[in-house]
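> First, the structure itself, so that you have it in front of you.
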Amino acid sequence: MRLPMSPYAEIPRPVEQAIDVLAQFARVTELWSPKVIAQVNDQYVKVARLLGEMPWHHHAGEDELFWVLRGRLRLEFRDHVVELEPGECCVVPRGVEHHPVCAEECWIVLIETVTTRHTGNLTTPQTRSIEEQLS
């Protein structure tokens with residue numbers, strides 16, 4: 001197995017290997033605390049468990065993809081709402097305020113630029129450093 005060093009982190013990431021995405025959720029021990037499972041160029045692939053809501057926020061310089069694997073995710077925008085079911089995804093463009101809400105536990109995959117703070121322009125109790133997300 002080849003383990004190249006990422007230019008964005010001090011932790012090697014396996015490449016050319018299968019990743020059991022559902023099994024990676026065992027690493028997620030806190031709600032709203034994403035874990036990085038892979039890197040593609042300058043994008044991290046993360047898994048997270050969600051329940052409840054995250055405050056309204058935006059990411060000034062990065063788009064963000066939410067892909068639901070289990071449960072349901074409601075993405076509220078200032079002018080509309082997107083309801084995601086398992087197998088569905090939604091891209092939130094940079095600069096767009098959004099409010100993720102889950103009435104029941106939801107498992108998601110996030111695809112974000114390595115520079116993306118998952119709580120965007122806010123610092124909240126839900127904010128996790130990239131070091132915490134890589135652990």
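For the structure tokens, the naming scheme is as follows: chains receive sequential letters (A, B, ...) according to their order of presentation, residues are indexed from 1 within each chain, and ligands are indexed from 1 in presentation order.
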Name the residues in contact with Ala23 in chain A at a cut-off of 12 Å, using only C-alpha atoms, excluding same-chain residues fewer than 4 positions from it; report them as a PDB file with N, CA and C atoms, in the first residue's frame.

```pdb
ATOM      1  N   ALA A  18      -9.492   0.226  -1.367  1.00  0.00           N
ATOM      2  CA  ALA A  18     -10.921   0.391  -1.105  1.00  0.00           C
ATOM      3  C   ALA A  18     -11.111   1.017   0.272  1.00  0.00           C
ATOM      4  N   ILE A  19     -12.062   1.911   0.377  1.00  0.00           N
ATOM      5  CA  ILE A  19     -12.426   2.513   1.657  1.00  0.00           C
ATOM      6  C   ILE A  19     -13.869   2.131   1.941  1.00  0.00           C
ATOM      7  N   ARG A  27     -15.589   5.842  13.532  1.00  0.00           N
ATOM      8  CA  ARG A  27     -14.635   6.848  14.020  1.00  0.00           C
ATOM      9  C   ARG A  27     -15.327   8.114  14.508  1.00  0.00           C
ATOM     10  N   VAL A  28     -16.580   8.290  14.108  1.00  0.00           N
ATOM     11  CA  VAL A  28     -17.312   9.514  14.437  1.00  0.00           C
ATOM     12  C   VAL A  28     -18.022   9.301  15.772  1.00  0.00           C
ATOM     13  N   ILE A  37     -11.779  10.986   5.616  1.00  0.00           N
ATOM     14  CA  ILE A  37     -11.526   9.587   5.254  1.00  0.00           C
ATOM     15  C   ILE A  37     -10.684   9.466   3.991  1.00  0.00           C
ATOM     16  N   VAL A  47     -16.759  12.146   6.669  1.00  0.00           N
ATOM     17  CA  VAL A  47     -18.019  11.569   7.123  1.00  0.00           C
ATOM     18  C   VAL A  47     -18.404  12.251   8.431  1.00  0.00           C
ATOM     19  N   ALA A  48     -19.713  12.385   8.649  1.00  0.00           N
ATOM     20  CA  ALA A  48     -20.196  13.009   9.877  1.00  0.00           C
ATOM     21  C   ALA A  48     -21.569  12.453  10.228  1.00  0.00           C
ATOM     22  N   TRP A 107     -26.455  10.341   8.638  1.00  0.00           N
ATOM     23  CA  TRP A 107     -25.063  10.088   8.274  1.00  0.00           C
ATOM     24  C   TRP A 107     -24.815  10.725   6.924  1.00  0.00           C
TER      25      TRP A 107
END
```
> Name the residues of range 2-115 of chain A that fall into strand (DSSP E or B) according to DSSP on the backbone, using the chain letters and numbers of this document, as a PyMOL selection string.
chain A and resi 35-40+43-53+57+64-70+73-77+81-84+89-92+98-113
> Dump C-alpha atoms for the selected residues as a CSV table (one decimal), in the first residue's frame?

```csv
chain,number,residue,atom,x,y,z
A,35,LYS,CA,-13.7,12.9,10.2
A,36,VAL,CA,-11.5,13.0,7.0
A,37,ILE,CA,-11.5,9.6,5.3
A,38,ALA,CA,-9.8,10.5,2.0
A,39,GLN,CA,-8.3,13.4,0.0
A,40,VAL,CA,-8.7,14.0,-3.7
A,43,GLN,CA,-10.6,18.3,-1.5
A,44,TYR,CA,-11.2,16.3,1.7
A,45,VAL,CA,-13.9,13.6,1.8
A,46,LYS,CA,-15.4,13.5,5.3
A,47,VAL,CA,-18.0,11.6,7.1
A,48,ALA,CA,-20.2,13.0,9.9
A,49,ARG,CA,-23.2,12.1,12.0
A,50,LEU,CA,-25.7,14.9,12.5
A,51,LEU,CA,-28.7,15.4,14.8
A,52,GLY,CA,-30.4,18.7,15.6
A,53,GLU,CA,-29.1,21.8,13.9
A,57,HIS,CA,-23.4,30.1,8.4
A,64,GLU,CA,-19.5,22.4,0.0
A,65,LEU,CA,-21.2,19.1,-1.0
A,66,PHE,CA,-23.6,17.3,1.4
A,67,TRP,CA,-24.4,13.6,0.5
A,68,VAL,CA,-26.8,11.7,2.7
A,69,LEU,CA,-26.2,8.0,3.3
A,70,ARG,CA,-28.7,7.4,6.2
A,73,LEU,CA,-31.1,16.2,6.0
A,74,ARG,CA,-32.9,19.5,5.7
A,75,LEU,CA,-30.8,22.3,4.2
A,76,GLU,CA,-32.4,25.6,4.8
A,77,PHE,CA,-31.5,28.5,2.6
A,81,VAL,CA,-35.3,24.5,1.5
A,82,VAL,CA,-33.7,21.3,0.1
A,83,GLU,CA,-34.8,18.0,1.7
A,84,LEU,CA,-32.2,15.3,1.2
A,89,CYS,CA,-26.7,15.2,-2.4
A,90,CYS,CA,-26.7,19.0,-2.7
A,91,VAL,CA,-23.9,21.5,-3.4
A,92,VAL,CA,-23.9,24.7,-1.4
A,98,HIS,CA,-27.3,27.7,4.9
A,99,HIS,CA,-28.7,26.0,8.0
A,100,PRO,CA,-28.4,22.2,8.2
A,101,VAL,CA,-31.2,20.6,10.3
A,102,CYS,CA,-31.8,16.9,11.2
A,103,ALA,CA,-34.8,15.8,13.2
A,104,GLU,CA,-33.3,12.2,13.4
A,105,GLU,CA,-29.7,11.1,13.3
A,106,CYS,CA,-28.3,11.5,9.8
A,107,TRP,CA,-25.1,10.1,8.3
A,108,ILE,CA,-23.5,12.2,5.6
A,109,VAL,CA,-20.4,12.5,3.4
A,110,LEU,CA,-19.0,16.0,3.0
A,111,ILE,CA,-16.7,17.0,0.2
A,112,GLU,CA,-14.9,20.2,1.0
A,113,THR,CA,-11.8,22.1,0.0
```
